[in-house]
Amino acid sequence: MRRAFVAAAATLALVLAGTPAQAVAAAPGAPGIGDPYYQDYGNGGYDVSHYDVRLRYYPDTDRLTGTTTILAKATQGLDRFNLDFLLTVSSIRVNGWAATYERQGDHELVVTPARPILGGQDLTIVVTYQGTPSQVDVNGYTAWTRTPDGALAVNEPEIAWWWFPSNDHPLDKATFDISTLVPNGTEVLSNGIMPRPPVQELAGWTRWSWRSSKPMATYLAFLVIGQYELRTDTAPNGQQVINAYSDRLGAFAEPARASIERTAEVVEWESGVFGPYPFEAQGGVVVPPATLGFALENQTRSVYAAEFFRRGSNPYVVVHENAHQWFGDSVSVNHWKDIWLNEGFASYAEWLWSEYTGEGTAQELFDFYYNVLYPADDPFWDVIIGDPGAANLFDVAVYDRGAMAVHQIRLAIGDDAFFKLLKEWTATKQYGNGTNGQFQELAERISGEDLDGLFNAWLYSAGKPLVVDGGQDGR
Ligand code: ARG
Ligand code: ZN
């Protein structure tokens, strides 16, 4: 903020003195946004408002070609800035002028515009590119996944690099248009609504268009391409529900449907607990077996591994991923160390669903985890979930100790304050970012309790904490 103001003032002074605007001091944008776990994720010096991603995909060969247009505003004078991206770039233009660019490190693309950028200036950045994403690895790792009939761009926190250039960090959210040309008879799923039905644009090729009109973190943008059956319906809140099922689900197909088709019901129940649903559409996508090891809360339309339904229906994973629409997608981590705010609350939503459906109260689940599942000598208790480290971002402790910590907060402040806290957090931070510390502050303000001891024991210390009333047995 302050730097932008200084730049603007300097511009004015120079204009008054008759000096060309180009003479204003411009500096390189930072190569990272300042995340302590991932120093080079995201970038500094500009703020993106919209991504327009236009792609063509060849499922047989995994060839991807595309043009992404980024609408942004410079937050400082810039003589160069970075994008996060891995594929081969063929051109970059900034406000119409051809820019030069070079790769730095693995996913950094350094862009030098033809003319320096002024602080506060609007930017239109057009990047054309191509590649075979499954062949591009970073330290031996490729997040883009080929399936028997297509591909998946689904991962957290790294996925955008493999399919569109971006400011890749949840601190810079933007709206999205994502349109993909694929061979006729292939389906393309992504976030949000379809502003128009799929259209055949070339002999043998159909364009699928998807639009996200609420701010979205880059890791939540997804593409699922392949052979899918779409099921469309209207939710009780009037929104469109689009679910999609791989043609290859076999015995998983019916338990998957018996779970995913409950999405609208789950979203309605969660809206009662967390506050109004923050997005414009709902749904879920179930991908072929043996292609994905997890489910992910992609904004408006979560993606699920088929294996979640191997033992039958699984409403809990639907509850978990949709709870993330509030905790993670609308209110996002400020830095990745705040991951407890995502996984602890999505896991606790499962406990609340269990309580709601009569399958066991949250207290019964807490007692089971505390007294049976995780004895004091279990290394489970070594993970400091309030700052777990990049290697433990998705450790089971972030989920299960996370849910237990949420339950301890509920016990400490009582149900009235607790459910008020959930709604006030999602309302005041809607479409933004939050930290563990800000959550503690709000909990303390609403309840009037000092929660330092509880947060220190459950979030910021290794070892099995005492329960809130000081007992050892969970009661
Ligand atoms: N946020 C996802 C979930 O809770 C987990 C993603 C795990 N990501 C990964 N690459 N393993 O369900
Ligand atoms: Zn989760």
# chains A, B, ... in the order shown; residues from 1 in each chain; ligands from 1
>>> closest_atom_pairs(of="chain A", to="ligand 1", cutoff="8 Å", atoms="only C-alpha atoms and all ligand atoms", output="CSV")
residue,atom,partner,partner_atom_place_in_ligand_line,distance
A:Asn155,CA,ligand 1,10 (N),5.1
A:Glu156,CA,ligand 1,8 (N),4.8
A:Pro157,CA,ligand 1,10 (N),7.0
A:Glu158,CA,ligand 1,10 (N),8.0
A:Gly293,CA,ligand 1,11 (N),6.7
A:Phe294,CA,ligand 1,7 (C),5.9
A:Ala295,CA,ligand 1,12 (O),4.8
A:Leu296,CA,ligand 1,2 (C),4.5
A:Glu297,CA,ligand 1,1 (N),6.1
A:Val317,CA,ligand 1,12 (O),7.8
A:His320,CA,ligand 1,12 (O),7.0
A:Glu321,CA,ligand 1,12 (O),6.1
A:His324,CA,ligand 1,4 (O),7.9
A:Asn342,CA,ligand 1,1 (N),7.5
A:Glu343,CA,ligand 1,4 (O),5.8
A:Ala346,CA,ligand 1,4 (O),7.3
A:Phe394,CA,ligand 1,7 (C),6.0
A:Tyr399,CA,ligand 1,4 (O),8.0
>>> select_by_dssp(residues="stretch 248-454 of chain A", states="strand (DSSP E)", output="MDAnalysis selection string")
chainID A and resid 281:282 284:287 302:305 332:333 433:434
>>> closest_residue(among="A:Gly284, A:Pro165, A:Gly358, A:Gly328", to="ligand 2", atoms="only C-alpha atoms and all ligand atoms")
A:Gly328
>>> residues_around(residues="A:Pro195", least_positions_apart="6", cutoff="7 Å", atoms="only C-alpha atoms", output="PyMOL selection string")
chain A and resi 209-211
>>> residues_around(residues="A:Ser347", least_positions_apart="5", cutoff="12 Å", atoms="only C-alpha atoms", output="mmCIF file with C-alpha atoms, in the first residue's frame")
data_model
loop_
_atom_site.group_PDB
_atom_site.id
_atom_site.type_symbol
_atom_site.label_atom_id
_atom_site.label_comp_id
_atom_site.auth_asym_id
_atom_site.auth_seq_id
_atom_site.Cartn_x
_atom_site.Cartn_y
_atom_site.Cartn_z
ATOM 1 C CA TYR A 316 -18.219 -38.215 5.096
ATOM 2 C CA VAL A 317 -15.811 -37.407 2.272
ATOM 3 C CA VAL A 318 -18.567 -35.331 0.643
ATOM 4 C CA VAL A 319 -19.096 -33.508 3.959
ATOM 5 C CA HIS A 320 -15.326 -32.968 4.298
ATOM 6 C CA GLU A 321 -14.683 -31.575 0.811
ATOM 7 C CA ASN A 322 -17.761 -29.358 0.871
ATOM 8 C CA ALA A 323 -16.887 -27.989 4.334
ATOM 9 C CA HIS A 324 -13.659 -26.816 2.658
ATOM 10 C CA PHE A 327 -12.825 -23.448 5.314
ATOM 11 C CA TRP A 340 -5.069 -26.508 10.310
ATOM 12 C CA LEU A 341 -7.726 -23.912 9.466
ATOM 13 C CA ASN A 342 -8.539 -26.034 6.401
ATOM 14 C CA LEU A 352 -20.724 -32.642 13.268
ATOM 15 C CA TRP A 353 -22.353 -34.653 10.457
ATOM 16 C CA SER A 354 -21.970 -37.812 12.530
ATOM 17 C CA ALA A 362 -18.524 -35.309 18.414
ATOM 18 C CA LEU A 365 -15.550 -39.353 18.403
ATOM 19 C CA PHE A 366 -13.169 -37.235 20.481
ATOM 20 C CA VAL A 396 -2.972 -37.316 9.560
ATOM 21 C CA ALA A 397 -2.355 -35.251 12.716
ATOM 22 C CA VAL A 398 -3.330 -32.047 10.886
ATOM 23 C CA TYR A 399 -6.694 -33.711 10.233
ATOM 24 C CA ASP A 400 -7.336 -35.720 13.409
ATOM 25 C CA ARG A 401 -5.517 -33.695 16.064
ATOM 26 C CA GLY A 402 -6.947 -30.722 14.148
ATOM 27 C CA ALA A 403 -10.521 -31.935 14.652
ATOM 28 C CA MET A 404 -9.739 -32.748 18.301
ATOM 29 C CA ALA A 405 -8.407 -29.193 18.796
ATOM 30 C CA VAL A 406 -11.599 -27.751 17.315
ATOM 31 C CA HIS A 407 -13.612 -29.883 19.721
#
>>> closest_residue(among="A:Leu86, A:Leu459, A:Ile178, A:Ala27", to="A:Thr112", atoms="only C-alpha atoms")
A:Ala27
>>> select_by_dssp(residues="stretch 264-445 of chain A", states="alpha helix (DSSP H)", output="MDAnalysis selection string")
chainID A and resid 264:274 315:323 340:356 362:368 396:428 436:445
>>> closest_residue(among="A:Tyr51, A:Phe418, A:Tyr348, A:Tyr46", to="A:Ala217", atoms="only C-alpha atoms")
A:Tyr51
>>> atom_distance(atom1="atom CA of A:Gly344", atom2="atom CA of A:Ile384")
12.7 Å
>>> closest_residue(among="A:Trp425, A:Thr263, A:Glu350, A:Val126", to="ligand 2", atoms="only C-alpha atoms and all ligand atoms")
A:Glu350
>>> closest_residue(among="A:Gln282, A:Arg93, A:Asn298, A:Pro388", to="ligand 2", atoms="only C-alpha atoms and all ligand atoms")
A:Asn298
>>> residues_around(residues="A:Val111", least_positions_apart="5", cutoff="7 Å", atoms="only C-alpha atoms", output="PyMOL selection string")
chain A and resi 80-82+99-102
>>> closest_residue(among="A:Val273, A:Thr175, A:Ala427, A:Phe380", to="A:Asp415", atoms="only C-alpha atoms")
A:Val273
